[in-house]
file start_17.cif (mmCIF, C-alpha atoms and all ligand atoms)
data_target
#
loop_
_atom_site.label_atom_id
_atom_site.label_comp_id
_atom_site.auth_asym_id
_atom_site.auth_seq_id
_atom_site.Cartn_x
_atom_site.Cartn_y
_atom_site.Cartn_z
CA MET W 1 0.00 0.00 0.00
CA SER W 2 1.22 3.45 -0.86
CA THR W 3 2.12 5.69 2.08
CA GLN W 4 1.91 8.76 -0.11
CA THR W 5 -1.09 10.98 0.43
CA ARG W 6 -2.56 12.80 -2.49
CA THR W 7 -2.67 16.56 -2.21
CA ARG W 8 -4.28 17.49 -5.51
CA PRO W 9 -8.01 16.73 -5.86
CA VAL W 10 -8.93 14.22 -8.59
CA ASN W 11 -11.45 15.04 -11.30
CA LEU W 12 -13.36 12.38 -13.20
CA ILE W 13 -15.84 12.71 -16.02
CA LEU W 14 -18.69 10.30 -16.70
CA LEU W 15 -19.70 10.43 -20.37
CA GLY W 16 -22.78 8.70 -21.74
CA PRO W 17 -26.22 9.33 -23.24
CA PRO W 18 -29.32 10.02 -21.12
CA GLY W 19 -30.07 6.87 -19.11
CA ALA W 20 -26.52 5.48 -19.34
CA GLY W 21 -26.28 5.36 -15.54
CA LYS W 22 -24.11 8.44 -14.93
CA GLY W 23 -26.12 9.64 -11.92
CA THR W 24 -26.51 6.15 -10.44
CA GLN W 25 -22.81 5.41 -10.69
CA ALA W 26 -21.70 8.90 -9.61
CA ARG W 27 -23.62 8.55 -6.34
CA MET W 28 -22.02 5.18 -5.66
CA LEU W 29 -18.52 6.56 -6.35
CA GLU W 30 -19.28 9.57 -4.16
CA GLU W 31 -20.06 7.29 -1.20
CA ARG W 32 -17.13 4.98 -1.78
CA PHE W 33 -14.40 7.53 -2.50
CA GLY W 34 -15.57 10.73 -0.81
CA LEU W 35 -15.69 12.57 -4.13
CA VAL W 36 -18.39 15.14 -4.88
CA GLN W 37 -20.88 14.47 -7.68
CA LEU W 38 -21.37 17.55 -9.85
CA SER W 39 -24.43 17.16 -12.05
CA THR W 40 -25.14 20.15 -14.27
CA GLY W 41 -28.62 18.67 -14.83
CA ASP W 42 -29.28 18.86 -11.06
CA LEU W 43 -27.77 22.36 -10.83
CA LEU W 44 -29.96 23.54 -13.74
CA ARG W 45 -33.09 21.95 -12.24
CA ASP W 46 -32.31 23.81 -8.96
CA ALA W 47 -31.96 27.06 -10.90
CA VAL W 48 -35.30 26.44 -12.64
CA ALA W 49 -37.00 25.65 -9.28
CA LYS W 50 -35.55 28.81 -7.70
CA GLY W 51 -36.54 30.91 -10.71
CA THR W 52 -33.08 32.47 -11.17
CA ALA W 53 -32.30 34.29 -14.44
CA ALA W 54 -30.34 31.24 -15.67
CA GLY W 55 -33.20 28.95 -14.65
CA LYS W 56 -35.72 31.06 -16.52
CA SER W 57 -33.83 30.86 -19.78
CA ALA W 58 -33.00 27.15 -19.35
CA LYS W 59 -36.49 25.84 -18.54
CA ALA W 60 -38.03 25.56 -22.02
CA VAL W 61 -34.77 24.32 -23.56
CA MET W 62 -34.55 21.49 -21.02
CA GLU W 63 -38.19 20.54 -21.47
CA ALA W 64 -37.61 20.24 -25.23
CA GLY W 65 -34.54 18.04 -24.63
CA ASP W 66 -32.05 20.44 -26.23
CA LEU W 67 -28.78 21.60 -24.71
CA VAL W 68 -28.71 24.74 -22.57
CA SER W 69 -26.23 27.37 -23.80
CA ASP W 70 -22.55 26.85 -23.01
CA GLU W 71 -22.44 30.30 -21.38
CA ILE W 72 -25.11 29.45 -18.78
CA VAL W 73 -23.84 25.96 -18.02
CA ILE W 74 -20.18 27.01 -17.73
CA ALA W 75 -21.13 29.84 -15.34
CA ILE W 76 -23.16 27.47 -13.13
CA LEU W 77 -20.41 24.84 -13.08
CA SER W 78 -17.70 27.38 -12.37
CA ASP W 79 -19.62 28.69 -9.32
CA ARG W 80 -20.09 25.17 -8.04
CA LEU W 81 -16.38 24.32 -8.40
CA ASP W 82 -15.59 27.26 -6.11
CA GLN W 83 -17.54 25.77 -3.19
CA PRO W 84 -15.43 24.63 -0.21
CA ASP W 85 -16.91 21.11 0.12
CA ILE W 86 -14.77 19.81 -2.73
CA THR W 87 -11.67 18.45 -1.03
CA LYS W 88 -10.90 14.99 -2.46
CA GLY W 89 -12.25 15.78 -5.90
CA THR W 90 -15.21 15.61 -8.24
CA ILE W 91 -17.19 13.27 -10.44
CA LEU W 92 -18.59 15.33 -13.29
CA ASP W 93 -21.96 13.92 -14.34
CA GLY W 94 -23.41 15.46 -17.50
CA PHE W 95 -20.63 18.03 -17.99
CA PRO W 96 -18.89 18.73 -20.33
CA ARG W 97 -21.41 18.12 -23.14
CA THR W 98 -19.78 20.19 -25.92
CA GLU W 99 -16.21 20.87 -27.02
CA ALA W 100 -16.55 24.48 -25.83
CA GLN W 101 -17.48 23.21 -22.35
CA ALA W 102 -14.55 20.78 -22.35
CA ALA W 103 -12.14 23.59 -23.24
CA ALA W 104 -13.62 25.86 -20.56
CA LEU W 105 -13.28 23.06 -18.00
CA ASP W 106 -9.61 22.58 -18.88
CA ASP W 107 -9.05 26.30 -18.29
CA LEU W 108 -10.96 26.37 -15.00
CA LEU W 109 -9.01 23.41 -13.62
CA ALA W 110 -5.65 24.65 -14.92
CA LYS W 111 -6.15 27.92 -13.00
CA CYS W 112 -6.08 25.94 -9.74
CA GLY W 113 -3.35 23.50 -10.78
CA GLN W 114 -5.77 20.66 -11.51
CA LYS W 115 -6.72 18.53 -14.50
CA ILE W 116 -9.03 15.76 -15.68
CA ASP W 117 -7.63 12.51 -14.34
CA ALA W 118 -9.99 10.19 -16.20
CA ALA W 119 -12.90 10.42 -18.60
CA ILE W 120 -15.05 7.30 -18.46
CA SER W 121 -17.39 6.54 -21.34
CA LEU W 122 -20.36 4.39 -20.32
CA GLU W 123 -21.00 2.25 -23.39
CA VAL W 124 -24.70 1.44 -23.77
CA GLU W 125 -27.25 0.62 -26.45
CA ASP W 126 -29.42 3.57 -27.49
CA GLU W 127 -32.58 1.47 -27.86
CA ALA W 128 -32.38 0.48 -24.19
CA MET W 129 -32.14 4.10 -23.02
CA VAL W 130 -35.77 4.93 -23.78
CA ALA W 131 -37.01 2.37 -21.24
CA ARG W 132 -34.39 3.39 -18.71
CA VAL W 133 -35.33 7.06 -18.86
CA ALA W 134 -39.09 6.54 -19.07
CA GLY W 135 -39.05 4.37 -15.92
CA ARG W 136 -36.75 6.62 -13.88
CA TYR W 137 -37.79 8.27 -10.60
CA THR W 138 -35.96 9.65 -7.57
CA CYS W 139 -36.53 10.02 -3.85
CA ALA W 140 -37.77 13.55 -3.11
CA GLY W 141 -35.93 13.48 0.23
CA CYS W 142 -32.40 12.33 -0.60
CA GLY W 143 -32.27 12.14 -4.41
CA GLU W 144 -31.59 8.39 -4.59
CA GLY W 145 -32.41 7.13 -8.07
CA TYR W 146 -34.81 4.27 -8.80
CA HIS W 147 -36.43 2.53 -11.77
CA ASP W 148 -39.89 1.01 -12.19
CA ASP W 149 -38.40 -2.29 -13.42
CA PHE W 150 -34.62 -2.25 -12.97
CA LYS W 151 -34.03 -0.73 -9.52
CA ARG W 152 -36.94 -0.94 -7.12
CA PRO W 153 -36.68 -0.04 -3.43
CA ALA W 154 -36.47 -3.14 -1.18
CA LYS W 155 -39.81 -2.14 0.38
CA ALA W 156 -42.30 -0.75 -2.17
CA GLY W 157 -42.82 3.00 -1.76
CA VAL W 158 -40.04 3.47 0.82
CA CYS W 159 -36.59 4.86 -0.04
CA ASP W 160 -33.77 2.40 0.83
CA LYS W 161 -31.43 5.23 1.77
CA CYS W 162 -33.52 7.64 3.86
CA GLY W 163 -36.87 5.94 4.52
CA GLY W 164 -38.67 8.72 2.64
CA THR W 165 -42.00 7.94 0.98
CA GLU W 166 -42.19 10.77 -1.57
CA PHE W 167 -40.78 10.28 -5.03
CA LYS W 168 -40.60 12.45 -8.13
CA ARG W 169 -40.24 12.15 -11.88
CA ARG W 170 -38.59 14.63 -14.25
CA ALA W 171 -40.72 16.62 -16.69
CA ASP W 172 -38.27 15.81 -19.51
CA ASP W 173 -38.21 12.03 -18.95
CA THR W 174 -40.66 11.16 -21.71
CA ALA W 175 -40.16 8.78 -24.64
CA GLU W 176 -40.39 11.70 -27.15
CA THR W 177 -37.88 13.92 -25.37
CA VAL W 178 -35.41 11.06 -24.99
CA ARG W 179 -35.09 10.87 -28.79
CA THR W 180 -34.11 14.57 -28.98
CA ARG W 181 -31.70 14.11 -26.08
CA LEU W 182 -30.07 11.05 -27.68
CA ALA W 183 -29.61 13.04 -30.90
CA ALA W 184 -28.04 15.93 -28.94
CA TYR W 185 -25.71 13.43 -27.30
CA HIS W 186 -24.54 11.93 -30.58
CA ASP W 187 -24.16 15.29 -32.35
CA GLN W 188 -22.57 17.37 -29.64
CA THR W 189 -21.28 15.22 -26.79
CA ALA W 190 -20.01 11.97 -28.33
CA PRO W 191 -17.12 13.86 -30.06
CA LEU W 192 -15.69 14.37 -26.55
CA ILE W 193 -14.85 10.67 -26.45
CA ALA W 194 -12.19 11.33 -29.11
CA TYR W 195 -11.17 14.57 -27.36
CA TYR W 196 -10.21 12.71 -24.16
CA ASP W 197 -8.92 9.64 -25.99
CA ALA W 198 -6.43 11.82 -27.89
CA ARG W 199 -4.81 12.81 -24.61
CA GLY W 200 -4.80 9.30 -23.15
CA ALA W 201 -7.43 10.05 -20.49
CA LEU W 202 -10.29 7.91 -21.83
CA THR W 203 -11.55 4.55 -20.56
CA ARG W 204 -14.56 2.78 -22.08
CA VAL W 205 -16.72 0.73 -19.73
CA PRO W 206 -19.47 -1.63 -20.91
CA ALA W 207 -22.54 -0.33 -19.07
CA MET W 208 -25.41 -2.63 -20.02
CA GLY W 209 -26.26 -5.13 -17.28
CA ASP W 210 -25.93 -5.31 -13.52
CA ILE W 211 -25.50 -1.97 -11.69
CA ASP W 212 -23.13 -3.42 -9.05
CA ARG W 213 -20.95 -5.09 -11.65
CA ILE W 214 -20.58 -1.78 -13.52
CA ALA W 215 -19.83 -0.06 -10.21
CA ALA W 216 -17.03 -2.57 -9.58
CA SER W 217 -15.44 -1.77 -12.99
CA LEU W 218 -15.64 1.95 -12.30
CA GLY W 219 -14.28 1.48 -8.79
CA LYS W 220 -11.11 -0.07 -10.20
CA ILE W 221 -10.53 2.88 -12.51
CA VAL W 222 -11.15 5.43 -9.76
CA ALA W 223 -8.96 3.53 -7.29
CA GLY W 224 -6.20 3.68 -9.92
CA VAL W 225 -6.26 7.48 -10.05
CA THR W 226 -6.86 8.13 -6.34
CA ASP W 227 -3.87 6.04 -5.18
CA ARG W 228 -5.94 3.68 -3.04
P1 LIG W 301 -28.12 9.13 -16.40
O1 LIG W 301 -27.69 9.94 -15.20
O2 LIG W 301 -26.94 8.69 -17.23
O3 LIG W 301 -29.15 9.82 -17.24
P2 LIG W 301 -29.36 7.33 -14.42
O4 LIG W 301 -28.23 6.95 -13.52
O5 LIG W 301 -30.35 8.31 -13.91
O6 LIG W 301 -28.79 7.77 -15.87
O7 LIG W 301 -30.12 5.98 -14.84
C1 LIG W 301 -31.29 6.02 -15.64
C2 LIG W 301 -32.31 5.03 -15.11
O8 LIG W 301 -31.85 3.70 -15.35
C3 LIG W 301 -32.57 5.12 -13.61
O9 LIG W 301 -33.92 4.85 -13.35
C4 LIG W 301 -31.66 4.04 -13.01
O10 LIG W 301 -32.21 3.50 -11.81
C5 LIG W 301 -31.64 2.99 -14.12
N1 LIG W 301 -30.34 2.33 -14.28
C6 LIG W 301 -29.09 2.81 -14.03
N2 LIG W 301 -28.15 1.90 -14.33
C7 LIG W 301 -28.81 0.81 -14.81
C8 LIG W 301 -28.39 -0.48 -15.29
N3 LIG W 301 -27.09 -0.82 -15.34
N4 LIG W 301 -29.34 -1.35 -15.69
C9 LIG W 301 -30.66 -1.02 -15.65
N5 LIG W 301 -31.12 0.18 -15.19
C10 LIG W 301 -30.21 1.08 -14.78
P1 LIG W 302 -29.52 13.01 -18.59
O1 LIG W 302 -28.29 12.50 -17.93
O2 LIG W 302 -30.70 12.13 -18.38
O3 LIG W 302 -29.32 13.39 -20.02
P2 LIG W 302 -29.22 15.60 -17.19
O4 LIG W 302 -29.87 15.72 -15.87
O5 LIG W 302 -27.75 15.46 -17.23
O6 LIG W 302 -29.96 14.38 -17.92
O7 LIG W 302 -29.62 16.85 -18.12
C1 LIG W 302 -30.95 17.25 -18.27
C2 LIG W 302 -31.02 18.43 -19.24
O8 LIG W 302 -30.30 19.55 -18.67
C3 LIG W 302 -30.36 18.19 -20.59
O9 LIG W 302 -31.26 17.58 -21.53
C4 LIG W 302 -30.01 19.63 -21.01
O10 LIG W 302 -31.15 20.34 -21.45
C5 LIG W 302 -29.58 20.24 -19.68
N1 LIG W 302 -28.13 20.08 -19.41
C6 LIG W 302 -27.56 19.39 -18.39
N2 LIG W 302 -26.23 19.47 -18.44
C7 LIG W 302 -25.94 20.23 -19.52
C8 LIG W 302 -24.72 20.67 -20.14
N3 LIG W 302 -23.51 20.32 -19.63
N4 LIG W 302 -24.82 21.44 -21.25
C9 LIG W 302 -26.01 21.80 -21.77
N5 LIG W 302 -27.19 21.41 -21.27
C10 LIG W 302 -27.16 20.64 -20.15
ZN ZN W 303 -34.36 8.83 0.05
#

call {"tool": "encode", "arguments": {"input": "start_17.cif", "output": "structure tokens"}}
result
Amino acid sequence: MSTQTRTRPVNLILLGPPGAGKGTQARMLEERFGLVQLSTGDLLRDAVAKGTAAGKSAKAVMEAGDLVSDEIVIAILSDRLDQPDITKGTILDGFPRTEAQAAALDDLLAKCGQKIDAAISLEVEDEAMVARVAGRYTCAGCGEGYHDDFKRPAKAGVCDKCGGTEFKRRADDTAETVRTRLAAYHDQTAPLIAYYDARGALTRVPAMGDIDRIAASLGKIVAGVTDR
């Protein structure tokens, strides 16, 4: 075992289309490694709920399944990166989604002597994503993710994590919107796979099948970059 302790925070990216399991896996890695999950989708939904200026301009775009402007998303992410709770590092879930966002992220991290340690592409089949997204719901209390068929709470109607009994579904998780979101992924986000591959930071992980098995594959990659 290494006696060295890491001083620089680690930064990981989870890439994958809607429904690939980014949020599910990010939460598991957060618990296991003490990293902070940064989901721009969650940050944008907060902004919409609070009715901020960014939230107001993002709302209709998100409901249609298109990408929110780079300017808005980069500003929201940059504010979040400045928060003091990030000590061991981050798991970026849903950011970057365009080459402009990836370049902005490189600049933001470079300013504080950091970098992307690994970009992990969750490799899934598009056709399966419609059912994953359409059956998705989360605990209103703690945010734990569930699925009507693939990830049910142990006791029906009760959250495994917090015991809460209220759940919610996203307005954009409809079969029609998923098609637009998959197209946005392939047009604008999938090119980032080559972007990170070109600098030797990319790992592809098969992500159809058992959630715990996928978590074990990701755990090995993260352990490799966090010196555990
Ligand atoms: P993303 O954040 O990439 O959009 P989520 O993590 O929210 O995806 O997962 C989408 C839905 O699919 C959720 O309801 C989740 O419970 C479920 N899910 C996640 N991983 C798997 C998997 N490996 N097999 C089946 N269902 C999964
Ligand atoms: P999913 O993982 O299921 O695609 P997210 O919660 O990551 O969903 O994103 C939901 C919506 O929020 C996206 O369809 C898009 O409108 C917006 N969004 C989230 N992150 C970004 C981003 N990095 N750039 C542009 N739009 C984003
Ligand atoms: Zn809960």

call {"tool": "residues_near_ligand", "arguments": {"input": "start_17.cif", "ligand": "ligand ZN 303 (chain W)", "cutoff": "12 Å", "atoms": "only C-alpha atoms and all ligand atoms", "output": "JSON, numbers by chain"}}
result
{"W": [137, 138, 139, 140, 141, 142, 143, 144, 145, 146, 153, 157, 158, 159, 160, 161, 162, 163, 164, 165, 166, 167, 168]}

call {"tool": "residues_around", "arguments": {"input": "start_17.cif", "residues": "segment 111-113 of chain W", "least_positions_apart": "3", "cutoff": "10 Å", "atoms": "all atoms listed in the file", "output": "PyMOL selection string"}}
result
chain W and resi 8-9+105-108

call {"tool": "closest_residue", "arguments": {"input": "start_17.cif", "among": "W:Asp148, W:Glu123, W:Asp93, W:Glu63", "to": "Val48 of chain W", "atoms": "all atoms listed in the file"}}
result
W:Glu63

call {"tool": "closest_atom_pairs", "arguments": {"input": "start_17.cif", "of": "chain W", "to": "ligand LIG 302 (chain W)", "cutoff": "8 Å", "atoms": "all atoms listed in the file", "output": "CSV"}}
result
residue,atom,partner,partner_atom,distance
W:Gly16,CA,W:LIG302,O1,7.7
W:Pro17,CA,W:LIG302,O3,6.0
W:Pro18,CA,W:LIG302,O3,3.5
W:Gly19,CA,W:LIG302,O2,5.3
W:Ala20,CA,W:LIG302,O1,7.4
W:Gly21,CA,W:LIG302,O1,7.8
W:Lys22,CA,W:LIG302,O1,6.6
W:Gly23,CA,W:LIG302,O1,7.0
W:Ser39,CA,W:LIG302,O5,6.4
W:Thr40,CA,W:LIG302,N2,4.4
W:Gly41,CA,W:LIG302,O4,3.4
W:Asp42,CA,W:LIG302,O4,5.8
W:Leu44,CA,W:LIG302,O8,6.4
W:Arg45,CA,W:LIG302,O8,7.4
W:Ala58,CA,W:LIG302,O10,7.4
W:Val61,CA,W:LIG302,O10,5.8
W:Met62,CA,W:LIG302,O10,3.6
W:Glu63,CA,W:LIG302,O10,7.0
W:Ala64,CA,W:LIG302,O10,7.5
W:Gly65,CA,W:LIG302,O9,4.5
W:Asp66,CA,W:LIG302,O10,4.9
W:Leu67,CA,W:LIG302,N5,3.8
W:Val68,CA,W:LIG302,N5,3.9
W:Ser69,CA,W:LIG302,C9,5.9
W:Asp70,CA,W:LIG302,N4,6.1
W:Val73,CA,W:LIG302,N4,5.6
W:Ile74,CA,W:LIG302,N3,7.7
W:Asp93,CA,W:LIG302,O5,6.7
W:Gly94,CA,W:LIG302,O5,4.3
W:Phe95,CA,W:LIG302,N3,4.0
W:Pro96,CA,W:LIG302,N3,4.9
W:Arg97,CA,W:LIG302,N3,4.6
W:Thr98,CA,W:LIG302,N4,7.0
W:Gln101,CA,W:LIG302,N3,7.2
W:Val133,CA,W:LIG302,O2,6.9
W:Asp172,CA,W:LIG302,O9,7.5
W:Asp173,CA,W:LIG302,O2,7.5
W:Arg181,CA,W:LIG302,O9,5.7

call {"tool": "closest_residue", "arguments": {"input": "start_17.cif", "among": "W:Gly135, W:Pro206, W:Pro191, W:Gly51", "to": "ligand LIG 301 (chain W)", "atoms": "only C-alpha atoms and all ligand atoms"}}
result
W:Gly135

call {"tool": "residues_around", "arguments": {"input": "start_17.cif", "residues": "Phe33 of chain W", "least_positions_apart": "6", "cutoff": "10 Å", "atoms": "all atoms listed in the file", "output": "list in words"}}
result
Lys88, Gly89, Thr90, Gly219, Val222, Ala223, Thr226 and Arg228 of chain W

call {"tool": "closest_residue", "arguments": {"input": "start_17.cif", "among": "W:Met129, W:Ala119, W:Arg32, W:Leu14", "to": "Ala216 of chain W", "atoms": "only C-alpha atoms"}}
result
W:Arg32

call {"tool": "atom_distance", "arguments": {"input": "start_17.cif", "atom1": "atom C8 of ligand LIG 301 (chain W)", "atom2": "atom CA of Ala207 of chain W"}}
result
7.0 Å

call {"tool": "atom_distance", "arguments": {"input": "start_17.cif", "atom1": "atom CA of Val36 of chain W", "atom2": "atom CA of Arg132 of chain W"}}
result
24.2 Å

call {"tool": "closest_residue", "arguments": {"input": "start_17.cif", "among": "W:Ala183, W:Val10, W:Val225, W:Val205", "to": "Ile86 of chain W", "atoms": "all atoms listed in the file"}}
result
W:Val10

call {"tool": "residues_near_point", "arguments": {"input": "start_17.cif", "point": "(-30.6, 1.5, -11.2)", "cutoff": "9 Å", "atoms": "all atoms listed in the file", "output": "MDAnalysis selection string"}}
result
chainID W and resid 21 24:25 132 136 145:147 149:152 210:211

call {"tool": "write_last_selection", "arguments": {"input": "start_17.cif", "atoms": "C-alpha atoms", "output": "CSV table (one decimal), in the coordinates of the input"}}
result
chain,number,residue,atom,x,y,z
W,21,GLY,CA,-26.3,5.4,-15.5
W,24,THR,CA,-26.5,6.2,-10.4
W,25,GLN,CA,-22.8,5.4,-10.7
W,132,ARG,CA,-34.4,3.4,-18.7
W,136,ARG,CA,-36.8,6.6,-13.9
W,145,GLY,CA,-32.4,7.1,-8.1
W,146,TYR,CA,-34.8,4.3,-8.8
W,147,HIS,CA,-36.4,2.5,-11.8
W,149,ASP,CA,-38.4,-2.3,-13.4
W,150,PHE,CA,-34.6,-2.2,-13.0
W,151,LYS,CA,-34.0,-0.7,-9.5
W,152,ARG,CA,-36.9,-0.9,-7.1
W,210,ASP,CA,-25.9,-5.3,-13.5
W,211,ILE,CA,-25.5,-2.0,-11.7

call {"tool": "residues_around", "arguments": {"input": "start_17.cif", "residues": "Ile91 of chain W", "least_positions_apart": "6", "cutoff": "8 Å", "atoms": "all atoms listed in the file", "output": "JSON, numbers by chain"}}
result
{"W": [11, 12, 13, 14, 26, 29, 30, 35, 36, 37, 38]}

call {"tool": "write_last_selection", "arguments": {"input": "start_17.cif", "atoms": "C-alpha atoms", "output": "CSV table (one decimal), keeping the file's coordinate frame"}}
result
chain,number,residue,atom,x,y,z
W,11,ASN,CA,-11.4,15.0,-11.3
W,12,LEU,CA,-13.4,12.4,-13.2
W,13,ILE,CA,-15.8,12.7,-16.0
W,14,LEU,CA,-18.7,10.3,-16.7
W,26,ALA,CA,-21.7,8.9,-9.6
W,29,LEU,CA,-18.5,6.6,-6.4
W,30,GLU,CA,-19.3,9.6,-4.2
W,35,LEU,CA,-15.7,12.6,-4.1
W,36,VAL,CA,-18.4,15.1,-4.9
W,37,GLN,CA,-20.9,14.5,-7.7
W,38,LEU,CA,-21.4,17.6,-9.8

call {"tool": "closest_residue", "arguments": {"input": "start_17.cif", "among": "W:Ala215, W:Ala60, W:Met28, W:Ile120", "to": "Ala190 of chain W", "atoms": "all atoms listed in the file"}}
result
W:Ile120

call {"tool": "axis_aligned_box", "arguments": {"input": "start_17.cif", "around": "ligand LIG 301 (chain W)", "padding_each_side": "8 Å", "output": "AutoDock Vina command-line options"}}
result
--center_x -30.4 --center_y 4.3 --center_z -14.5 --size_x 23.0 --size_y 27.3 --size_z 21.4

call {"tool": "decode", "arguments": {"input": "start_17.cif", "residues": "segment 53-94 of chain W", "atoms": "C-alpha atoms", "output": "PDB file, in the first residue's frame"}}
result
ATOM      1  CA  ALA W  53     -32.295  34.292 -14.438  1.00  0.00           C
ATOM      2  CA  ALA W  54     -30.335  31.239 -15.672  1.00  0.00           C
ATOM      3  CA  GLY W  55     -33.195  28.953 -14.652  1.00  0.00           C
ATOM      4  CA  LYS W  56     -35.723  31.065 -16.523  1.00  0.00           C
ATOM      5  CA  SER W  57     -33.835  30.860 -19.783  1.00  0.00           C
ATOM      6  CA  ALA W  58     -32.996  27.150 -19.346  1.00  0.00           C
ATOM      7  CA  LYS W  59     -36.488  25.845 -18.543  1.00  0.00           C
ATOM      8  CA  ALA W  60     -38.032  25.556 -22.018  1.00  0.00           C
ATOM      9  CA  VAL W  61     -34.766  24.317 -23.562  1.00  0.00           C
ATOM     10  CA  MET W  62     -34.551  21.493 -21.022  1.00  0.00           C
ATOM     11  CA  GLU W  63     -38.189  20.537 -21.472  1.00  0.00           C
ATOM     12  CA  ALA W  64     -37.607  20.241 -25.228  1.00  0.00           C
ATOM     13  CA  GLY W  65     -34.539  18.043 -24.634  1.00  0.00           C
ATOM     14  CA  ASP W  66     -32.046  20.438 -26.231  1.00  0.00           C
ATOM     15  CA  LEU W  67     -28.782  21.597 -24.706  1.00  0.00           C
ATOM     16  CA  VAL W  68     -28.710  24.737 -22.566  1.00  0.00           C
ATOM     17  CA  SER W  69     -26.230  27.371 -23.798  1.00  0.00           C
ATOM     18  CA  ASP W  70     -22.549  26.855 -23.007  1.00  0.00           C
ATOM     19  CA  GLU W  71     -22.442  30.296 -21.377  1.00  0.00           C
ATOM     20  CA  ILE W  72     -25.108  29.451 -18.780  1.00  0.00           C
ATOM     21  CA  VAL W  73     -23.838  25.964 -18.022  1.00  0.00           C
ATOM     22  CA  ILE W  74     -20.178  27.009 -17.727  1.00  0.00           C
ATOM     23  CA  ALA W  75     -21.125  29.840 -15.338  1.00  0.00           C
ATOM     24  CA  ILE W  76     -23.158  27.469 -13.127  1.00  0.00           C
ATOM     25  CA  LEU W  77     -20.411  24.844 -13.081  1.00  0.00           C
ATOM     26  CA  SER W  78     -17.702  27.384 -12.368  1.00  0.00           C
ATOM     27  CA  ASP W  79     -19.616  28.695  -9.319  1.00  0.00           C
ATOM     28  CA  ARG W  80     -20.089  25.169  -8.037  1.00  0.00           C
ATOM     29  CA  LEU W  81     -16.378  24.319  -8.402  1.00  0.00           C
ATOM     30  CA  ASP W  82     -15.592  27.257  -6.111  1.00  0.00           C
ATOM     31  CA  GLN W  83     -17.540  25.766  -3.188  1.00  0.00           C
ATOM     32  CA  PRO W  84     -15.426  24.630  -0.209  1.00  0.00           C
ATOM     33  CA  ASP W  85     -16.914  21.110   0.124  1.00  0.00           C
ATOM     34  CA  ILE W  86     -14.766  19.807  -2.732  1.00  0.00           C
ATOM     35  CA  THR W  87     -11.670  18.446  -1.031  1.00  0.00           C
ATOM     36  CA  LYS W  88     -10.900  14.989  -2.462  1.00  0.00           C
ATOM     37  CA  GLY W  89     -12.246  15.776  -5.904  1.00  0.00           C
ATOM     38  CA  THR W  90     -15.205  15.611  -8.242  1.00  0.00           C
ATOM     39  CA  ILE W  91     -17.190  13.272 -10.441  1.00  0.00           C
ATOM     40  CA  LEU W  92     -18.586  15.325 -13.289  1.00  0.00           C
ATOM     41  CA  ASP W  93     -21.956  13.921 -14.338  1.00  0.00           C
ATOM     42  CA  GLY W  94     -23.408  15.465 -17.495  1.00  0.00           C
TER      43      GLY W  94
END
